[in-house]
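Asker: Structure file run-v4.txt, compact mmCIF, C-alpha atoms, is pasted below:
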```
# COMPACT_ATOMS: atom_id res chain seq x y z
CA ALA A 1 -3.67 94.72 -175.60
CA THR A 2 -1.81 91.59 -174.65
CA ARG A 3 1.91 91.15 -174.96
CA PRO A 4 2.89 88.34 -177.35
CA GLU A 5 4.52 85.38 -175.70
CA SER A 6 8.26 85.00 -176.05
CA PRO A 7 9.41 81.92 -177.96
CA PRO A 8 10.17 78.89 -175.77
CA ALA A 9 13.75 78.71 -174.58
CA ARG A 10 14.49 75.60 -176.66
CA HIS A 11 13.48 77.46 -179.84
CA VAL A 12 15.74 80.36 -178.88
CA TYR A 13 18.59 77.95 -178.30
CA LYS A 14 18.03 76.18 -181.63
CA ARG A 15 18.03 79.49 -183.49
CA GLN A 16 21.26 80.55 -181.81
CA VAL A 17 23.00 77.29 -182.65
CA ASP A 18 21.70 77.48 -186.23
CA GLU A 19 23.26 80.92 -186.60
CA ALA A 20 26.57 79.86 -185.07
CA TYR A 21 26.62 76.72 -187.24
CA ARG A 22 26.06 78.72 -190.41
CA ALA A 23 28.95 80.97 -189.35
CA GLY A 24 31.22 77.91 -189.29
CA TYR A 25 31.20 76.97 -185.61
CA ARG A 26 31.20 73.22 -184.96
CA LEU A 27 32.24 72.49 -181.35
CA PHE A 28 29.65 73.42 -178.72
CA GLY A 29 30.31 73.17 -174.99
CA GLU A 30 27.92 72.46 -172.13
CA ASN A 31 28.49 72.24 -168.40
CA LYS A 32 25.75 69.69 -167.73
CA VAL A 33 25.69 66.30 -169.43
CA GLN A 34 21.89 66.07 -169.53
CA ASP A 35 21.67 69.46 -171.27
CA ALA A 36 24.26 68.51 -173.87
CA LEU A 37 22.62 65.15 -174.57
CA ALA A 38 19.17 66.65 -175.06
CA LYS A 39 20.53 69.46 -177.23
CA SER A 40 22.52 67.02 -179.35
CA GLU A 41 19.34 65.06 -179.99
CA LEU A 42 17.61 68.31 -180.97
CA MET A 43 20.36 69.56 -183.29
CA ASP A 44 22.54 66.79 -184.68
CA ALA A 45 20.34 65.29 -187.41
CA ASN A 46 20.29 68.53 -189.40
CA HIS A 47 23.79 69.72 -188.53
CA PRO A 48 26.43 67.30 -189.87
CA GLY A 49 29.82 67.66 -188.24
CA LEU A 50 28.46 69.29 -185.08
CA GLU A 51 30.41 68.16 -181.98
CA TRP A 52 29.80 68.37 -178.24
CA SER A 53 32.27 69.08 -175.47
CA ILE A 54 31.40 68.49 -171.81
CA ILE A 55 33.09 71.21 -169.81
CA GLY A 56 31.68 70.69 -166.31
CA GLY A 57 32.47 67.98 -163.79
CA LEU A 58 31.18 64.46 -164.25
CA GLN A 59 29.72 61.87 -161.90
CA THR A 60 30.41 58.22 -162.68
CA ASN A 61 26.72 57.49 -163.28
CA LYS A 62 26.73 60.05 -166.12
CA ALA A 63 29.78 58.63 -167.88
CA LYS A 64 27.60 56.27 -169.95
CA TYR A 65 25.87 59.27 -171.53
CA VAL A 66 29.11 61.05 -172.37
CA ALA A 67 30.40 57.85 -174.00
CA ARG A 68 27.39 57.77 -176.33
CA PHE A 69 27.63 61.16 -178.00
CA ALA A 70 30.35 63.54 -176.77
CA THR A 71 33.51 64.25 -178.74
CA GLU A 72 35.39 65.82 -175.85
CA PHE A 73 35.43 65.97 -172.05
CA GLN A 74 37.36 68.90 -170.60
CA ALA A 75 37.21 68.23 -166.86
CA LEU A 76 39.13 65.02 -166.17
CA ASP A 77 40.50 65.20 -162.63
CA SER A 78 39.78 61.71 -161.31
CA LEU A 79 41.17 58.26 -162.03
CA LYS A 80 37.77 56.84 -161.16
CA ILE A 81 36.14 58.88 -163.92
CA ALA A 82 38.91 57.96 -166.37
CA HIS A 83 38.36 54.24 -165.80
CA GLU A 84 34.56 54.57 -166.00
CA LEU A 85 34.75 56.53 -169.24
CA ASP A 86 37.18 54.01 -170.69
CA LYS A 87 34.86 51.10 -169.82
CA ARG A 88 31.80 52.82 -171.30
CA LEU A 89 33.62 53.97 -174.44
CA GLN A 90 34.87 50.47 -175.17
CA LYS A 91 31.29 49.20 -174.97
CA GLU A 92 30.17 51.91 -177.39
CA GLY A 93 33.13 51.41 -179.71
CA ARG A 94 33.94 55.12 -179.52
CA GLN A 95 36.86 57.37 -178.66
CA LEU A 96 36.90 60.54 -176.57
CA ARG A 97 39.29 63.46 -176.24
CA VAL A 98 39.87 64.33 -172.60
CA LEU A 99 41.65 67.35 -171.16
CA VAL A 100 43.20 67.09 -167.71
CA GLN A 101 41.70 69.79 -165.52
CA VAL A 102 44.23 71.86 -163.57
CA ASN A 103 43.23 74.10 -160.65
CA SER A 104 45.73 76.84 -161.43
CA SER A 105 44.37 79.35 -158.90
CA ALA A 106 44.54 76.86 -155.97
CA GLU A 107 41.08 77.92 -154.84
CA PRO A 108 39.58 75.09 -152.75
CA GLN A 109 36.13 75.51 -154.28
CA LYS A 110 37.52 75.09 -157.80
CA PRO A 111 37.68 71.60 -159.33
CA GLY A 112 40.83 70.20 -160.84
CA ILE A 113 44.21 68.74 -160.02
CA ALA A 114 46.90 70.83 -158.37
CA PRO A 115 49.61 71.77 -160.91
CA GLU A 116 52.28 69.96 -158.89
CA GLU A 117 50.21 66.74 -159.07
CA ALA A 118 49.31 67.01 -162.76
CA VAL A 119 52.53 65.42 -163.99
CA ASP A 120 51.86 62.17 -162.14
CA PHE A 121 48.21 61.92 -163.18
CA PRO A 122 48.71 60.90 -166.86
CA ARG A 123 50.84 57.95 -165.78
CA HIS A 124 47.79 56.26 -164.24
CA PRO A 125 44.71 56.53 -166.52
CA PRO A 126 43.95 53.37 -168.51
CA ALA A 127 46.22 52.68 -171.45
CA SER A 128 43.44 52.43 -173.99
CA PRO A 129 42.83 53.87 -177.46
CA ALA A 130 39.37 54.91 -176.22
CA LEU A 131 40.82 57.86 -174.29
CA GLU A 132 43.03 60.46 -175.91
CA ALA A 133 44.51 63.15 -173.65
CA PRO A 134 45.89 65.93 -175.87
CA GLY A 135 46.24 68.64 -173.23
CA LEU A 136 45.04 70.65 -170.25
CA MET A 137 42.11 72.79 -169.16
CA THR A 138 41.84 75.27 -166.33
CA PRO A 139 38.50 76.40 -164.84
CA ALA A 140 37.05 79.88 -165.17
CA LEU A 141 39.17 82.54 -163.50
CA ASN A 142 36.73 85.35 -162.80
CA ARG A 143 39.06 88.07 -161.59
CA ALA A 144 39.35 91.76 -162.43
CA ASP A 145 43.08 91.59 -161.68
CA GLN A 146 44.46 90.70 -165.10
CA ARG A 147 47.97 90.26 -163.72
CA ALA A 148 46.71 87.52 -161.40
CA VAL A 149 44.90 85.81 -164.28
CA ALA A 150 48.08 85.99 -166.39
CA ASP A 151 50.08 84.43 -163.53
CA TRP A 152 47.62 81.52 -163.34
CA PHE A 153 47.83 80.98 -167.09
CA ASP A 154 51.63 81.06 -166.79
CA LEU A 155 51.34 78.23 -164.26
CA VAL A 156 49.29 76.11 -166.67
CA VAL A 157 51.81 76.72 -169.46
CA ALA A 158 54.62 75.67 -167.11
CA THR A 159 52.67 72.52 -166.24
CA GLN A 160 52.25 71.81 -169.95
CA GLU A 161 55.99 72.11 -170.50
CA LYS A 162 56.76 69.82 -167.57
CA LEU A 163 54.34 67.22 -168.92
CA ARG A 164 56.08 67.37 -172.30
CA GLN A 165 59.44 66.79 -170.65
CA GLU A 166 58.41 64.02 -168.25
CA VAL A 167 55.48 62.20 -169.89
CA GLY A 168 55.78 63.30 -173.49
CA ASP A 169 55.51 59.68 -174.59
CA THR A 170 51.79 59.65 -173.67
CA SER A 171 50.82 62.87 -175.50
CA ASP A 172 52.27 65.98 -177.07
CA TRP A 173 50.12 68.05 -174.66
CA SER A 174 49.51 70.60 -177.38
CA GLU A 175 45.96 71.58 -176.36
CA LEU A 176 45.33 74.30 -173.78
CA SER A 177 41.73 75.21 -172.94
CA MET A 178 42.09 78.51 -171.11
CA GLY A 179 40.04 81.67 -171.16
CA MET A 180 36.44 82.72 -171.46
CA SER A 181 34.65 85.85 -172.64
CA GLY A 182 36.24 88.05 -169.96
CA ASP A 183 39.87 87.01 -170.37
CA LEU A 184 40.20 85.43 -173.81
CA GLU A 185 42.83 87.93 -175.00
CA ILE A 186 45.12 87.06 -172.07
CA ALA A 187 44.54 83.35 -172.64
CA ILE A 188 45.37 83.54 -176.35
CA ALA A 189 48.52 85.52 -175.57
CA HIS A 190 49.54 82.65 -173.29
CA GLY A 191 49.08 80.03 -176.00
CA SER A 192 45.50 78.88 -175.41
CA THR A 193 44.27 76.72 -178.30
CA GLN A 194 40.65 76.73 -177.08
CA VAL A 195 38.70 79.60 -175.54
CA ARG A 196 35.30 78.83 -174.04
CA ILE A 197 33.24 81.77 -175.24
CA GLY A 198 29.58 81.75 -174.30
CA THR A 199 28.54 85.22 -173.15
CA ASP A 200 30.16 87.11 -176.03
CA ILE A 201 28.43 84.88 -178.59
CA PHE A 202 25.09 83.95 -177.04
CA GLY A 203 24.72 86.64 -174.37
CA ALA A 204 24.50 86.30 -170.61
CA ARG A 205 22.48 83.40 -169.27
CA ASP A 206 18.97 84.32 -168.24
CA PRO A 207 17.80 81.81 -165.59
CA ALA A 208 14.20 82.51 -166.54
CA ARG A 209 14.89 81.43 -170.12
CA THR A 210 17.37 78.63 -169.57
CA TRP A 211 16.23 75.53 -171.39
CA ARG A 212 16.18 72.44 -169.23
CA PRO A 213 14.98 69.32 -171.06
```
Show me, as structure tokens, the structure contained in the file I just sent.

Answerer:
Amino acid sequence: ATRPESPPARHVYKRQVDEAYRAGYRLFGENKVQDALAKSELMDANHPGLEWSIIGGLQTNKAKYVARFATEFQALDSLKIAHELDKRLQKEGRQLRVLVQVNSSAEPQKPGIAPEEAVDFPRHPPASPALEAPGLMTPALNRADQRAVADWFDLVVATQEKLRQEVGDTSDWSELSMGMSGDLEIAIAHGSTQVRIGTDIFGARDPARTWRP
């Protein structure tokens, strides 16, 4: 007897998104721009109201793609990227929510702006209606020590408050994207308005089944 073939990864992905969509979920996040673009082309026509958030870092040559379809970009940590996004968005006649990425754990391998530098950053991005910066994001904090994770979230909340006091004229800084499947309860307790839950909804990533367009 032969074992039946598993469905292609793109069909698995489409089924998962269909199920999440029917449950009321509308904002889907992806780390890689090319993945999000291809998946938006696969899903959007039959899923009105579906939105895409780019969570991972962005190179300037990919900004043109983000400007075409994304609703949100959660990893803004560069003035160069801010200006490139602004230029591309104006050409497309679109707007984009951007969250300033803060490296709360001070790990050198983590992307983001140091908390002490985050207050100065919003003073420099282009003053344009194409970019809206409603808040902050901090990268994944994969630590078993929940006290350490809570301390890092405290630091982001303190940064949010300082932004409100010193550059509150540019935004109310109400959005906080903190927490993933492993620490979402701590994040919510610290005021997170967005939790990036992938594993608990879709299961752990299987490299053998990851869909790459």

Asker: Go ahead and compute the interatomic distance for CA of Asp44 in chain A and CA of Thr60 in chain A, in Å to one decimal.

Answerer: 24.9 Å

Asker: Given all atoms listed in the file, how would the per-residue table for range 66-96 of chain A near range 46-56 of chain A read, listing every residue at most 10 Å away with its closest atom pair and distance in Å to one decimal, sorted by chain and number, as a tab-separated table?

Answerer:
```
residue	atom	partner	partner_atom	distance
A:Val66	CA	A:Ile54	CA	7.8
A:Phe69	CA	A:Trp52	CA	7.5
A:Ala70	CA	A:Trp52	CA	5.1
A:Thr71	CA	A:Trp52	CA	5.6
A:Glu72	CA	A:Ser53	CA	4.5
A:Phe73	CA	A:Ile54	CA	4.8
A:Gln74	CA	A:Ile55	CA	4.9
A:Ala75	CA	A:Ile55	CA	5.9
A:Leu76	CA	A:Gly56	CA	9.4
A:Leu96	CA	A:Ser53	CA	9.8
```

Asker: Residues within 12 Å of (22.1, 68.8, -175.1), file coordinates, counting only C-alpha atoms: what are they? Give the list as a PyMOL selection string.

Answerer: chain A and resi 10+13-14+17+28-44+50-54+65-66+69-70+211-213

Asker: Got a sec: who's within 10 Å of Ser171 in chain A, counting only C-alpha atoms, leaving out chain neighbours fewer than 5 positions off, as a list in words?

Answerer: Pro122, Glu132, Ala133, Pro134, Gly135, Leu163 and Arg164 of chain A

Asker: Using only C-alpha atoms, pick whichever of A:Ser177, A:Gln59, A:Thr170, A:Thr159 has the shortest atom-to-atom distance to Arg123 in chain A.

Answerer: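 Among the listed residues, A:Thr170 lies closest to Arg123 in chain A.
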
Asker: Smallest atom-to-atom distance to Leu184 in chain A: which of A:Gln16, A:Gln165, A:Ser128, A:Gln146, using all atoms listed in the file?

Answerer: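 With all atoms listed in the file as the atom set, the closest residue is A:Gln146.
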
Asker: Please indicate the distance in Å from CA of Arg196 in chain A to CA of Phe153 in chain A, rounded to one decimal place.

Answerer: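 Distance between the two atoms: 14.5 Å.
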
Asker: CA of Thr199 in chain A and CA of Gln101 in chain A are how many Å apart?

Answerer: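 Atom-to-atom, CA of Thr199 in chain A to CA of Gln101 in chain A, that is 21.7 Å.
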
Asker: At a cut-off of 12 Å, using all atoms listed in the file, what residues contact Ala150 in chain A? Leave out same-chain residues fewer than 6 positions from it and give the result as a VMD selection string.

Answerer: chain A and resid 104 to 105 141 to 144 156 to 157 178 to 179 183 to 192

Asker: Put the listed atoms of range 87-93 of chain A in a box along x, y and z with 4 Å added on every side and give me the centre and edge lengths in Å to one decimal, as lines of an AutoDock Vina configuration file.

Answerer:
```
center_x = 32.5
center_y = 51.6
center_z = -174.8
size_x = 12.7
size_y = 12.8
size_z = 17.9
```

Asker: Between A:Ala106, A:Leu58, A:Val12, A:Ala114, single out the one closest to Phe202 in chain A, counting all atoms listed in the file.

Answerer: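 Going through A:Ala106, A:Leu58, A:Val12, A:Ala114 one by one, the smallest distance to Phe202 in chain A is for A:Val12.
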
Asker: For Met137 in chain A, which residue among A:Val195, A:Glu161, A:Gly93, A:Gly168 is the nearest when counting only C-alpha atoms?

Answerer: A:Val195

Asker: Could range 50-84 of chain A be completed with N, CA and C atoms and written as a JSON list (two decimals), in the frame of the given file, please?

Answerer:
```
[["chain", "number", "residue", "atom", "x", "y", "z"],
["A", 50, "LEU", "N", 28.58, 68.60, -186.36],
["A", 50, "LEU", "CA", 28.46, 69.29, -185.08],
["A", 50, "LEU", "C", 28.99, 68.38, -183.96],
["A", 51, "GLU", "N", 29.79, 68.93, -183.06],
["A", 51, "GLU", "CA", 30.41, 68.16, -181.98],
["A", 51, "GLU", "C", 30.07, 68.79, -180.64],
["A", 52, "TRP", "N", 30.17, 67.93, -179.59],
["A", 52, "TRP", "CA", 29.80, 68.37, -178.24],
["A", 52, "TRP", "C", 30.95, 68.13, -177.27],
["A", 53, "SER", "N", 31.23, 69.16, -176.49],
["A", 53, "SER", "CA", 32.27, 69.08, -175.47],
["A", 53, "SER", "C", 31.63, 69.29, -174.10],
["A", 54, "ILE", "N", 31.88, 68.36, -173.19],
["A", 54, "ILE", "CA", 31.40, 68.49, -171.81],
["A", 54, "ILE", "C", 32.48, 69.21, -171.01],
["A", 55, "ILE", "N", 32.11, 70.37, -170.48],
["A", 55, "ILE", "CA", 33.09, 71.21, -169.81],
["A", 55, "ILE", "C", 33.03, 71.06, -168.29],
["A", 56, "GLY", "N", 31.84, 70.79, -167.76],
["A", 56, "GLY", "CA", 31.68, 70.69, -166.31],
["A", 56, "GLY", "C", 32.08, 69.33, -165.78],
["A", 57, "GLY", "N", 32.11, 69.23, -164.46],
["A", 57, "GLY", "CA", 32.47, 67.98, -163.79],
["A", 57, "GLY", "C", 31.50, 66.85, -164.11],
["A", 58, "LEU", "N", 31.95, 65.64, -163.85],
["A", 58, "LEU", "CA", 31.18, 64.46, -164.25],
["A", 58, "LEU", "C", 31.11, 63.46, -163.10],
["A", 59, "GLN", "N", 29.90, 62.96, -162.84],
["A", 59, "GLN", "CA", 29.72, 61.87, -161.90],
["A", 59, "GLN", "C", 29.81, 60.55, -162.66],
["A", 60, "THR", "N", 30.21, 59.50, -161.99],
["A", 60, "THR", "CA", 30.41, 58.22, -162.68],
["A", 60, "THR", "C", 29.12, 57.71, -163.32],
["A", 61, "ASN", "N", 27.97, 57.99, -162.70],
["A", 61, "ASN", "CA", 26.72, 57.49, -163.28],
["A", 61, "ASN", "C", 26.31, 58.23, -164.55],
["A", 62, "LYS", "N", 27.01, 59.32, -164.89],
["A", 62, "LYS", "CA", 26.73, 60.05, -166.12],
["A", 62, "LYS", "C", 27.73, 59.72, -167.23],
["A", 63, "ALA", "N", 28.75, 58.94, -166.90],
["A", 63, "ALA", "CA", 29.78, 58.63, -167.88],
["A", 63, "ALA", "C", 29.20, 57.88, -169.08],
["A", 64, "LYS", "N", 28.20, 57.05, -168.85],
["A", 64, "LYS", "CA", 27.60, 56.27, -169.95],
["A", 64, "LYS", "C", 26.99, 57.18, -171.01],
["A", 65, "TYR", "N", 26.46, 58.34, -170.57],
["A", 65, "TYR", "CA", 25.87, 59.27, -171.53],
["A", 65, "TYR", "C", 26.95, 59.97, -172.35],
["A", 66, "VAL", "N", 28.00, 60.39, -171.68],
["A", 66, "VAL", "CA", 29.11, 61.05, -172.37],
["A", 66, "VAL", "C", 29.69, 60.11, -173.43],
["A", 67, "ALA", "N", 29.82, 58.83, -173.08],
["A", 67, "ALA", "CA", 30.40, 57.85, -174.00],
["A", 67, "ALA", "C", 29.56, 57.66, -175.25],
["A", 68, "ARG", "N", 28.27, 57.99, -175.19],
["A", 68, "ARG", "CA", 27.39, 57.77, -176.33],
["A", 68, "ARG", "C", 27.50, 58.85, -177.41],
["A", 69, "PHE", "N", 27.77, 60.10, -176.99],
["A", 69, "PHE", "CA", 27.63, 61.16, -178.00],
["A", 69, "PHE", "C", 28.73, 62.21, -177.99],
["A", 70, "ALA", "N", 29.41, 62.42, -176.87],
["A", 70, "ALA", "CA", 30.35, 63.54, -176.77],
["A", 70, "ALA", "C", 31.63, 63.26, -177.56],
["A", 71, "THR", "N", 32.22, 64.32, -178.05],
["A", 71, "THR", "CA", 33.51, 64.25, -178.74],
["A", 71, "THR", "C", 34.65, 64.54, -177.77],
["A", 72, "GLU", "N", 34.34, 65.33, -176.74],
["A", 72, "GLU", "CA", 35.39, 65.82, -175.85],
["A", 72, "GLU", "C", 34.85, 65.99, -174.44],
["A", 73, "PHE", "N", 35.73, 65.72, -173.47],
["A", 73, "PHE", "CA", 35.43, 65.97, -172.05],
["A", 73, "PHE", "C", 36.58, 66.77, -171.47],
["A", 74, "GLN", "N", 36.29, 67.97, -170.98],
["A", 74, "GLN", "CA", 37.36, 68.90, -170.60],
["A", 74, "GLN", "C", 37.64, 68.96, -169.10],
["A", 75, "ALA", "N", 37.08, 68.07, -168.31],
["A", 75, "ALA", "CA", 37.21, 68.23, -166.86],
["A", 75, "ALA", "C", 37.68, 66.95, -166.17],
["A", 76, "LEU", "N", 38.64, 66.26, -166.78],
["A", 76, "LEU", "CA", 39.13, 65.02, -166.17],
["A", 76, "LEU", "C", 40.07, 65.34, -165.02],
["A", 77, "ASP", "N", 39.66, 64.98, -163.81],
["A", 77, "ASP", "CA", 40.50, 65.20, -162.63],
["A", 77, "ASP", "C", 40.43, 64.02, -161.67],
["A", 78, "SER", "N", 39.99, 62.86, -162.17],
["A", 78, "SER", "CA", 39.78, 61.71, -161.31],
["A", 78, "SER", "C", 40.10, 60.43, -162.06],
["A", 79, "LEU", "N", 40.89, 59.56, -161.44],
["A", 79, "LEU", "CA", 41.17, 58.26, -162.03],
["A", 79, "LEU", "C", 39.91, 57.42, -162.12],
["A", 80, "LYS", "N", 39.03, 57.58, -161.16],
["A", 80, "LYS", "CA", 37.77, 56.84, -161.16],
["A", 80, "LYS", "C", 36.95, 57.17, -162.40],
["A", 81, "ILE", "N", 36.87, 58.46, -162.73],
["A", 81, "ILE", "CA", 36.14, 58.88, -163.92],
["A", 81, "ILE", "C", 36.84, 58.38, -165.18],
["A", 82, "ALA", "N", 38.16, 58.43, -165.20],
["A", 82, "ALA", "CA", 38.91, 57.96, -166.37],
["A", 82, "ALA", "C", 38.61, 56.50, -166.65],
["A", 83, "HIS", "N", 38.62, 55.67, -165.62],
["A", 83, "HIS", "CA", 38.36, 54.24, -165.80],
["A", 83, "HIS", "C", 36.91, 53.99, -166.21],
["A", 84, "GLU", "N", 35.97, 54.75, -165.65],
["A", 84, "GLU", "CA", 34.56, 54.57, -166.00],
["A", 84, "GLU", "C", 34.31, 54.99, -167.45]]
```
